>>> print(open('run06.cif').read())   # mmCIF, C-alpha atoms, pLDDT in the B column; chains and numbers go by the auth columns
data_entry
#
loop_
_atom_site.group_PDB
_atom_site.id
_atom_site.type_symbol
_atom_site.label_atom_id
_atom_site.label_comp_id
_atom_site.label_asym_id
_atom_site.label_seq_id
_atom_site.Cartn_x
_atom_site.Cartn_y
_atom_site.Cartn_z
_atom_site.B_iso_or_equiv
_atom_site.auth_seq_id
_atom_site.auth_asym_id
ATOM 1 C CA PRO A 1 -61.374 113.947 99.299 41.00 97 A
ATOM 2 C CA PHE A 2 -59.539 113.138 96.104 42.00 98 A
ATOM 3 C CA LEU A 3 -57.037 110.592 94.839 45.00 99 A
ATOM 4 C CA LEU A 4 -53.716 111.953 93.612 46.00 100 A
ATOM 5 C CA SER A 5 -52.012 109.773 91.016 48.00 101 A
ATOM 6 C CA VAL A 6 -48.352 110.499 90.350 50.00 102 A
ATOM 7 C CA CYS A 7 -46.774 109.497 87.032 53.00 103 A
ATOM 8 C CA PRO A 8 -43.146 110.541 86.443 56.00 104 A
ATOM 9 C CA GLU A 9 -41.295 109.852 83.213 55.00 105 A
ATOM 10 C CA THR A 10 -38.336 107.501 83.624 62.00 106 A
ATOM 11 C CA ASN A 11 -35.651 107.822 80.987 61.00 107 A
ATOM 12 C CA GLN A 12 -34.650 104.424 79.597 58.00 108 A
ATOM 13 C CA SER A 13 -33.519 105.875 76.257 62.00 109 A
ATOM 14 C CA TYR A 14 -29.837 105.345 77.126 76.00 110 A
ATOM 15 C CA GLY A 15 -30.118 101.690 78.003 85.00 111 A
ATOM 16 C CA ILE A 16 -32.342 98.794 79.048 92.00 112 A
ATOM 17 C CA PRO A 17 -32.612 98.442 82.838 91.00 113 A
ATOM 18 C CA PRO A 18 -32.587 95.001 84.435 93.00 114 A
ATOM 19 C CA PRO A 19 -36.030 93.855 85.651 95.00 115 A
ATOM 20 C CA GLU A 20 -34.682 93.829 89.209 96.00 116 A
ATOM 21 C CA ARG A 21 -34.076 97.570 89.055 94.00 117 A
ATOM 22 C CA VAL A 22 -37.597 98.244 87.807 95.00 118 A
ATOM 23 C CA GLN A 23 -38.934 96.009 90.566 96.00 119 A
ATOM 24 C CA GLY A 24 -36.968 98.091 93.057 96.00 120 A
ATOM 25 C CA TRP A 25 -38.592 101.279 91.765 93.00 121 A
ATOM 26 C CA CYS A 26 -42.021 99.705 92.111 95.00 122 A
ATOM 27 C CA SER A 27 -41.325 98.510 95.634 95.00 123 A
ATOM 28 C CA ALA A 28 -40.081 101.939 96.697 94.00 124 A
ATOM 29 C CA THR A 29 -43.177 103.831 95.492 92.00 125 A
ATOM 30 C CA PRO A 30 -46.778 104.069 96.782 92.00 126 A
ATOM 31 C CA ASP A 31 -49.551 101.943 95.280 90.00 127 A
ATOM 32 C CA ASN A 32 -51.011 104.850 93.287 89.00 128 A
ATOM 33 C CA PHE A 33 -47.616 105.737 91.794 92.00 129 A
ATOM 34 C CA THR A 34 -47.280 104.999 88.075 92.00 130 A
ATOM 35 C CA PHE A 35 -44.440 105.335 85.583 92.00 131 A
ATOM 36 C CA ALA A 36 -44.216 106.577 82.003 92.00 132 A
ATOM 37 C CA PHE A 37 -41.171 104.795 80.637 93.00 133 A
ATOM 38 C CA LYS A 38 -39.278 106.392 77.773 92.00 134 A
ATOM 39 C CA ALA A 39 -38.557 103.846 75.037 94.00 135 A
ATOM 40 C CA PHE A 40 -34.983 102.709 74.489 93.00 136 A
ATOM 41 C CA GLY A 41 -33.332 105.208 72.129 91.00 137 A
ATOM 42 C CA LEU A 42 -32.492 102.475 69.632 92.00 138 A
ATOM 43 C CA PHE A 43 -36.182 101.989 68.899 93.00 139 A
ATOM 44 C CA CYS A 44 -36.774 105.679 68.180 90.00 140 A
ATOM 45 C CA SER A 45 -33.633 106.507 66.190 86.00 141 A
ATOM 46 C CA ARG A 46 -32.947 103.071 64.675 84.00 142 A
ATOM 47 C CA SER A 47 -29.306 103.424 65.621 85.00 143 A
ATOM 48 C CA VAL A 48 -27.536 103.639 68.947 86.00 144 A
ATOM 49 C CA SER A 49 -24.066 103.818 70.464 89.00 145 A
ATOM 50 C CA SER A 50 -22.788 100.288 70.959 88.00 146 A
ATOM 51 C CA ALA A 51 -22.080 101.230 74.589 89.00 147 A
ATOM 52 C CA MET A 52 -25.827 101.475 75.233 90.00 148 A
ATOM 53 C CA LEU A 53 -26.517 97.894 74.177 92.00 149 A
ATOM 54 C CA PRO A 54 -26.549 95.098 76.765 90.00 150 A
ATOM 55 C CA LEU A 55 -23.105 93.542 77.100 90.00 151 A
ATOM 56 C CA HIS A 56 -24.072 90.149 75.696 91.00 152 A
ATOM 57 C CA ILE A 57 -25.665 91.833 72.654 92.00 153 A
ATOM 58 C CA ARG A 58 -22.479 93.818 72.040 89.00 154 A
ATOM 59 C CA ASN A 59 -20.366 90.694 72.355 89.00 155 A
ATOM 60 C CA ARG A 60 -22.531 88.707 69.962 89.00 156 A
ATOM 61 C CA LEU A 61 -22.613 91.562 67.500 84.00 157 A
ATOM 62 C CA GLY A 62 -18.864 92.062 67.743 77.00 158 A
ATOM 63 C CA ALA A 63 -19.371 95.738 68.476 43.00 159 A
ATOM 64 C CA GLY A 64 -16.925 95.780 71.388 41.00 160 A
ATOM 65 C CA GLY A 65 -17.446 94.787 74.997 38.00 161 A
ATOM 66 C CA ASN A 66 -16.122 97.921 76.719 38.00 162 A
ATOM 67 C CA ALA A 67 -18.574 100.079 78.606 36.00 163 A
ATOM 68 C CA GLY A 68 -17.126 103.106 76.837 37.00 164 A
ATOM 69 C CA GLY A 69 -17.775 101.584 73.429 36.00 165 A
ATOM 70 C CA GLY A 70 -15.976 104.386 71.631 35.00 166 A
ATOM 71 C CA GLY A 71 -13.736 102.161 69.540 34.00 167 A
ATOM 72 C CA GLY A 72 -16.632 100.749 67.584 35.00 168 A
ATOM 73 C CA GLY A 73 -15.239 97.250 67.068 37.00 169 A
ATOM 74 C CA GLY A 74 -16.469 95.018 64.304 38.00 170 A
ATOM 75 C CA GLY A 75 -19.930 96.030 63.089 42.00 171 A
ATOM 76 C CA GLY A 76 -20.048 99.175 65.198 44.00 172 A
ATOM 77 C CA GLY A 77 -18.415 101.482 62.696 41.00 173 A
ATOM 78 C CA ALA A 78 -15.908 104.240 63.394 37.00 174 A
ATOM 79 C CA SER A 79 -18.437 106.142 65.500 45.00 175 A
ATOM 80 C CA GLY A 80 -19.242 103.104 67.635 84.00 176 A
ATOM 81 C CA HIS A 81 -22.885 103.171 66.493 86.00 177 A
ATOM 82 C CA VAL A 82 -24.977 100.138 65.648 90.00 178 A
ATOM 83 C CA SER A 83 -27.998 100.318 63.348 90.00 179 A
ATOM 84 C CA LYS A 84 -31.301 98.481 63.210 91.00 180 A
ATOM 85 C CA THR A 85 -30.137 96.915 59.944 90.00 181 A
ATOM 86 C CA GLN A 86 -27.013 95.495 61.585 91.00 182 A
ATOM 87 C CA LEU A 87 -29.000 94.105 64.490 93.00 183 A
ATOM 88 C CA GLU A 88 -31.528 92.527 62.157 92.00 184 A
ATOM 89 C CA ALA A 89 -28.757 90.949 60.098 92.00 185 A
ATOM 90 C CA ALA A 90 -27.306 89.457 63.286 92.00 186 A
ATOM 91 C CA GLY A 91 -30.714 88.235 64.449 93.00 187 A
ATOM 92 C CA LEU A 92 -30.626 90.533 67.476 94.00 188 A
ATOM 93 C CA TRP A 93 -33.261 93.178 66.732 95.00 189 A
ATOM 94 C CA SER A 94 -36.144 91.164 68.203 96.00 190 A
ATOM 95 C CA GLU A 95 -33.989 90.165 71.169 96.00 191 A
ATOM 96 C CA CYS A 96 -33.457 93.834 72.050 95.00 192 A
ATOM 97 C CA TRP A 97 -37.232 94.276 72.122 97.00 193 A
ATOM 98 C CA ASP A 98 -37.648 91.130 74.211 97.00 194 A
ATOM 99 C CA LEU A 99 -35.156 92.465 76.762 96.00 195 A
ATOM 100 C CA PHE A 100 -36.909 95.835 76.918 96.00 196 A
ATOM 101 C CA ASN A 101 -40.348 94.251 77.328 97.00 197 A
ATOM 102 C CA ALA A 102 -39.069 91.921 80.040 97.00 198 A
ATOM 103 C CA ALA A 103 -37.515 94.860 81.904 96.00 199 A
ATOM 104 C CA LEU A 104 -40.885 96.610 82.218 97.00 200 A
ATOM 105 C CA LEU A 105 -42.917 93.545 83.164 97.00 201 A
ATOM 106 C CA PRO A 106 -42.552 94.108 86.947 97.00 202 A
ATOM 107 C CA ALA A 107 -44.164 97.538 86.584 96.00 203 A
ATOM 108 C CA ALA A 108 -46.940 96.195 84.370 96.00 204 A
ATOM 109 C CA ALA A 109 -47.632 93.317 86.762 96.00 205 A
ATOM 110 C CA GLN A 110 -48.150 95.795 89.608 95.00 206 A
ATOM 111 C CA ARG A 111 -50.252 98.174 87.475 95.00 207 A
ATOM 112 C CA LYS A 112 -47.571 100.837 87.725 95.00 208 A
ATOM 113 C CA LEU A 113 -46.823 101.143 84.019 95.00 209 A
ATOM 114 C CA ARG A 114 -48.870 104.050 82.669 93.00 210 A
ATOM 115 C CA CYS A 115 -47.358 103.995 79.177 94.00 211 A
ATOM 116 C CA VAL A 116 -44.180 103.709 77.117 95.00 212 A
ATOM 117 C CA VAL A 117 -43.241 106.984 75.394 93.00 213 A
ATOM 118 C CA PHE A 118 -41.603 106.869 71.956 94.00 214 A
ATOM 119 C CA GLN A 119 -39.835 110.209 71.513 91.00 215 A
ATOM 120 C CA PHE A 120 -38.933 110.447 67.843 90.00 216 A
ATOM 121 C CA HIS A 121 -36.323 112.873 66.523 85.00 217 A
ATOM 122 C CA VAL A 122 -37.076 116.060 64.594 83.00 218 A
ATOM 123 C CA GLY A 123 -35.934 114.236 61.450 83.00 219 A
ATOM 124 C CA PHE A 124 -38.807 111.757 61.771 86.00 220 A
ATOM 125 C CA VAL A 125 -41.225 113.472 59.390 81.00 221 A
ATOM 126 C CA PRO A 126 -44.310 112.773 57.260 71.00 222 A
ATOM 127 C CA ALA A 127 -44.207 112.477 53.470 54.00 223 A
ATOM 128 C CA ALA A 128 -42.318 115.177 51.592 43.00 224 A
ATOM 129 C CA PRO A 129 -44.067 117.096 48.757 40.00 225 A
ATOM 130 C CA PRO A 130 -43.820 115.356 45.376 39.00 226 A
ATOM 131 C CA PRO A 131 -41.022 116.839 43.204 42.00 227 A
ATOM 132 C CA ASN A 132 -41.690 119.335 40.400 43.00 228 A
ATOM 133 C CA HIS A 133 -45.246 120.034 41.476 37.00 229 A
ATOM 134 C CA SER A 134 -46.587 123.582 41.327 42.00 230 A
ATOM 135 C CA ALA A 135 -49.930 125.127 42.192 41.00 231 A
ATOM 136 C CA GLY A 136 -50.872 125.337 38.506 44.00 232 A
ATOM 137 C CA GLU A 137 -50.691 121.601 37.987 42.00 233 A
ATOM 138 C CA SER A 138 -53.382 119.106 38.773 42.00 234 A
ATOM 139 C CA THR A 139 -53.017 117.524 42.159 36.00 235 A
ATOM 140 C CA PRO A 140 -51.043 114.292 41.808 35.00 236 A
ATOM 141 C CA ALA A 141 -51.748 111.141 43.707 38.00 237 A
ATOM 142 C CA ALA A 142 -50.508 111.452 47.257 33.00 238 A
ATOM 143 C CA PRO A 143 -47.122 109.866 47.909 32.00 239 A
ATOM 144 C CA PRO A 144 -46.855 106.952 50.337 34.00 240 A
ATOM 145 C CA LEU A 145 -48.213 108.348 53.577 33.00 241 A
ATOM 146 C CA LEU A 146 -45.719 109.448 56.189 35.00 242 A
ATOM 147 C CA THR A 147 -42.357 108.655 54.697 34.00 243 A
ATOM 148 C CA VAL A 148 -39.064 110.036 55.984 35.00 244 A
ATOM 149 C CA SER A 149 -37.519 112.523 53.582 34.00 245 A
ATOM 150 C CA ASP A 150 -33.923 112.096 52.437 33.00 246 A
ATOM 151 C CA SER A 151 -32.971 115.543 53.716 32.00 247 A
ATOM 152 C CA THR A 152 -33.962 114.830 57.303 32.00 248 A
ATOM 153 C CA SER A 153 -33.380 111.122 57.718 34.00 249 A
ATOM 154 C CA LYS A 154 -29.750 111.202 58.854 34.00 250 A
ATOM 155 C CA ALA A 155 -30.552 111.678 62.526 33.00 251 A
ATOM 156 C CA CYS A 156 -32.957 108.736 62.432 36.00 252 A
ATOM 157 C CA SER A 157 -30.957 106.278 60.309 33.00 253 A
ATOM 158 C CA THR A 158 -34.327 105.445 58.789 38.00 254 A
ATOM 159 C CA GLY A 159 -33.319 104.069 55.416 38.00 255 A
ATOM 160 C CA GLY A 160 -36.423 105.638 53.844 42.00 256 A
ATOM 161 C CA ASP A 161 -38.989 103.472 55.614 54.00 257 A
ATOM 162 C CA SER A 162 -42.548 104.725 55.983 77.00 258 A
ATOM 163 C CA SER A 163 -42.784 106.645 59.240 82.00 259 A
ATOM 164 C CA LEU A 164 -46.274 105.400 60.000 81.00 260 A
ATOM 165 C CA ALA A 165 -45.284 101.842 59.103 84.00 261 A
ATOM 166 C CA TYR A 166 -42.414 102.086 61.560 88.00 262 A
ATOM 167 C CA ILE A 167 -44.705 103.362 64.333 89.00 263 A
ATOM 168 C CA LEU A 168 -46.943 100.368 63.658 89.00 264 A
ATOM 169 C CA HIS A 169 -43.877 98.122 63.772 92.00 265 A
ATOM 170 C CA CYS A 170 -43.004 99.533 67.206 94.00 266 A
ATOM 171 C CA ARG A 171 -46.566 98.888 68.360 94.00 267 A
ATOM 172 C CA ARG A 172 -46.269 95.254 67.256 94.00 268 A
ATOM 173 C CA MET A 173 -42.875 94.781 68.900 96.00 269 A
ATOM 174 C CA LEU A 174 -43.884 96.418 72.175 96.00 270 A
ATOM 175 C CA ASP A 175 -45.647 94.071 74.590 96.00 271 A
ATOM 176 C CA SER A 176 -49.370 94.227 73.788 95.00 272 A
ATOM 177 C CA ARG A 177 -50.129 94.789 77.483 94.00 273 A
ATOM 178 C CA PHE A 178 -48.215 98.097 77.497 96.00 274 A
ATOM 179 C CA ALA A 179 -49.887 101.351 76.458 95.00 275 A
ATOM 180 C CA MET A 180 -47.871 103.286 73.864 95.00 276 A
ATOM 181 C CA ALA A 181 -47.509 107.058 73.459 93.00 277 A
ATOM 182 C CA VAL A 182 -45.754 108.782 70.547 91.00 278 A
ATOM 183 C CA GLU A 183 -44.051 112.190 70.597 90.00 279 A
ATOM 184 C CA LEU A 184 -43.746 113.763 67.139 86.00 280 A
ATOM 185 C CA ARG A 185 -41.649 116.917 66.870 85.00 281 A
ATOM 186 C CA ASP A 186 -41.947 118.016 63.234 80.00 282 A
ATOM 187 C CA ARG A 187 -44.857 120.423 62.651 78.00 283 A
ATOM 188 C CA ALA A 188 -45.633 118.762 59.317 76.00 284 A
ATOM 189 C CA TRP A 189 -47.321 115.953 61.236 76.00 285 A
ATOM 190 C CA PHE A 190 -50.015 118.433 62.254 74.00 286 A
ATOM 191 C CA ASP A 191 -50.288 120.514 59.054 67.00 287 A
ATOM 192 C CA GLU A 192 -53.308 120.246 56.802 52.00 288 A
ATOM 193 C CA PHE A 193 -52.896 119.436 53.121 45.00 289 A
ATOM 194 C CA ASP A 194 -52.750 122.750 51.219 51.00 290 A
ATOM 195 C CA GLU A 195 -54.475 121.939 47.917 50.00 291 A
ATOM 196 C CA GLU A 196 -53.824 125.357 46.386 54.00 292 A
ATOM 197 C CA ALA A 197 -50.107 125.255 47.140 49.00 293 A
ATOM 198 C CA GLY A 198 -49.902 121.576 46.325 45.00 294 A
ATOM 199 C CA SER A 199 -47.932 120.862 49.493 46.00 295 A
ATOM 200 C CA TYR A 200 -48.280 117.764 51.627 42.00 296 A
ATOM 201 C CA GLY A 201 -48.269 118.376 55.353 47.00 297 A
ATOM 202 C CA THR A 202 -50.717 115.435 55.596 44.00 298 A
ATOM 203 C CA GLY A 203 -53.305 116.398 58.121 46.00 299 A
ATOM 204 C CA GLN A 204 -53.766 112.655 58.569 48.00 300 A
ATOM 205 C CA GLY A 205 -50.329 112.331 60.094 52.00 301 A
ATOM 206 C CA ALA A 206 -51.029 112.878 63.768 55.00 302 A
ATOM 207 C CA PRO A 207 -54.431 111.092 63.795 53.00 303 A
ATOM 208 C CA ALA A 208 -52.902 108.152 61.919 54.00 304 A
ATOM 209 C CA ALA A 209 -50.061 107.926 64.413 56.00 305 A
ATOM 210 C CA ALA A 210 -52.523 108.137 67.291 58.00 306 A
ATOM 211 C CA ALA A 211 -54.607 105.350 65.807 53.00 307 A
ATOM 212 C CA ALA A 212 -51.482 103.259 65.351 56.00 308 A
ATOM 213 C CA THR A 213 -50.624 103.430 69.042 59.00 309 A
ATOM 214 C CA ALA A 214 -54.149 102.436 70.025 59.00 310 A
ATOM 215 C CA SER A 215 -54.316 99.406 67.741 55.00 311 A
#
>>> encode(input="run06.cif", output="C-alpha cells")
Amino acid sequence: PFLLSVCPETNQSYGIPPPERVQGWCSATPDNFTFAFKAFGLFCSRSVSSAMLPLHIRNRLGAGGNAGGGGGGGGGGASGHVSKTQLEAAGLWSECWDLFNAALLPAAAQRKLRCVVFQFHVGFVPAAPPPNHSAGESTPAAPPLLTVSDSTSKACSTGGDSSLAYILHCRRMLDSRFAMAVELRDRAWFDEFDEEAGSYGTGQGAPAAAAATAS
C-alpha cells in the first residue's frame, strides 16, 4: 500500500482569487490533495496590466475601473500597465500582498498549500560582468551580487534592484506560513565564476536564491 499525494499548479499570475474561490477548490478535492500556487504576476515582473489588479485597487490608483483596462487611465500609462513603483507611491504595494496572502489562507489552514511558486522572467538575471575587464587584468572585486542588468531588465521593470534582494523581499512579504519556490530561467544563475575569462556567472546565484526562500 502507498499514499498518493497530488499537487497541481494553479495559475494565479493573472489575478488574485477571492478566498471563497480557493476555499471552493479545497472543499472539492480529497484530503491528500495539495496545491502549488503560482505567485501573482505583479510580484514576479514588478509591473502588471491594470486589468489584473483588484477593482478597488484600480479605482484607488486611478488606473481605470474597466475589466478590459486597455485605456490605462491615470497612473496606468498608455499601455495600461502599473508598476511596483506606482503602487508603492500610492501606498498600495503592501495591500496587494495582503490580498494575495489572504486569498491563500483557506488552503494553508487545511494543509493543502504545498508552496507558492515565483516564476521570474528570463530578464531576471544575476550580476553582469564588470565593464572593461579582460582576462589579462587582475580580478576586480565582485559587483553587487545578483543585480539585474540594464540590457535585460525591461521585461521585469526592475529599476536595477538587486535580484537576490528582491527575492528576499518577496520572502518577507509572503506569509511566513507559506513555503516559497523560485523558478529562475537565465542560465547565468547556475554558471560558475570563470576566473580565467573574468566573467561573472556567479555560481552562488542559485544556492543563494534557494537559501533566501528557506529563510
>>> residues_around(input="run06.cif", residues="Phe274 (chain A)", least_positions_apart="5", cutoff="8 Å", atoms="only C-alpha atoms", output="VMD selection string")
chain A and resid 204 209 to 212
>>> write_last_selection(input="run06.cif", atoms="C-alpha atoms", output="compact mmCIF listing (two decimals), keeping the file's coordinate frame")
# COMPACT_ATOMS: atom_id res chain seq x y z
CA ALA A 204 -46.94 96.20 84.37
CA LEU A 209 -46.82 101.14 84.02
CA ARG A 210 -48.87 104.05 82.67
CA CYS A 211 -47.36 104.00 79.18
CA VAL A 212 -44.18 103.71 77.12
>>> closest_residue(input="run06.cif", among="A:Ala275, A:Lys208, A:Arg267, A:Tyr262", to="Ala124 (chain A)", atoms="all atoms listed in the file")
A:Lys208
>>> residues_near_point(input="run06.cif", point="(-45.5, 109.8, 74.2)", cutoff="6 Å", atoms="all atoms listed in the file", output="list in words")
Val213, Phe214, Ala277, Val278 and Glu279 of chain A
>>> closest_residue(input="run06.cif", among="A:Arg281, A:Ser259, A:Arg154, A:Gly120", to="Gly176 (chain A)", atoms="all atoms listed in the file")
A:Arg154
>>> closest_residue(input="run06.cif", among="A:Leu138, A:Asn128, A:Phe220, A:Leu151", to="Trp189 (chain A)", atoms="all atoms listed in the file")
A:Leu138
>>> resolve_selection(input="run06.cif", expression="the PyMOL selection byres ((chain A and resi 109-119) around 10)", output="ChimeraX atom specification")
/A:106-108,120-124,133-140,144-145,147-150,192-193,195-203,205-206,213-215
>>> write_last_selection(input="run06.cif", atoms="C-alpha atoms", output="mmCIF file, keeping the file's coordinate frame")
data_model
loop_
_atom_site.group_PDB
_atom_site.id
_atom_site.type_symbol
_atom_site.label_atom_id
_atom_site.label_comp_id
_atom_site.auth_asym_id
_atom_site.auth_seq_id
_atom_site.Cartn_x
_atom_site.Cartn_y
_atom_site.Cartn_z
ATOM 1 C CA THR A 106 -38.336 107.501 83.624
ATOM 2 C CA ASN A 107 -35.651 107.822 80.987
ATOM 3 C CA GLN A 108 -34.650 104.424 79.597
ATOM 4 C CA GLY A 120 -36.968 98.091 93.057
ATOM 5 C CA TRP A 121 -38.592 101.279 91.765
ATOM 6 C CA CYS A 122 -42.021 99.705 92.111
ATOM 7 C CA SER A 123 -41.325 98.510 95.634
ATOM 8 C CA ALA A 124 -40.081 101.939 96.697
ATOM 9 C CA PHE A 133 -41.171 104.795 80.637
ATOM 10 C CA LYS A 134 -39.278 106.392 77.773
ATOM 11 C CA ALA A 135 -38.557 103.846 75.037
ATOM 12 C CA PHE A 136 -34.983 102.709 74.489
ATOM 13 C CA GLY A 137 -33.332 105.208 72.129
ATOM 14 C CA LEU A 138 -32.492 102.475 69.632
ATOM 15 C CA PHE A 139 -36.182 101.989 68.899
ATOM 16 C CA CYS A 140 -36.774 105.679 68.180
ATOM 17 C CA VAL A 144 -27.536 103.639 68.947
ATOM 18 C CA SER A 145 -24.066 103.818 70.464
ATOM 19 C CA ALA A 147 -22.080 101.230 74.589
ATOM 20 C CA MET A 148 -25.827 101.475 75.233
ATOM 21 C CA LEU A 149 -26.517 97.894 74.177
ATOM 22 C CA PRO A 150 -26.549 95.098 76.765
ATOM 23 C CA CYS A 192 -33.457 93.834 72.050
ATOM 24 C CA TRP A 193 -37.232 94.276 72.122
ATOM 25 C CA LEU A 195 -35.156 92.465 76.762
ATOM 26 C CA PHE A 196 -36.909 95.835 76.918
ATOM 27 C CA ASN A 197 -40.348 94.251 77.328
ATOM 28 C CA ALA A 198 -39.069 91.921 80.040
ATOM 29 C CA ALA A 199 -37.515 94.860 81.904
ATOM 30 C CA LEU A 200 -40.885 96.610 82.218
ATOM 31 C CA LEU A 201 -42.917 93.545 83.164
ATOM 32 C CA PRO A 202 -42.552 94.108 86.947
ATOM 33 C CA ALA A 203 -44.164 97.538 86.584
ATOM 34 C CA ALA A 205 -47.632 93.317 86.762
ATOM 35 C CA GLN A 206 -48.150 95.795 89.608
ATOM 36 C CA VAL A 213 -43.241 106.984 75.394
ATOM 37 C CA PHE A 214 -41.603 106.869 71.956
ATOM 38 C CA GLN A 215 -39.835 110.209 71.513
#
>>> atom_distance(input="run06.cif", atom1="CA of Leu280 (chain A)", atom2="CA of Ser258 (chain A)")
14.4 Å
>>> atom_distance(input="run06.cif", atom1="CA of Asp271 (chain A)", atom2="CA of Val178 (chain A)")
23.3 Å
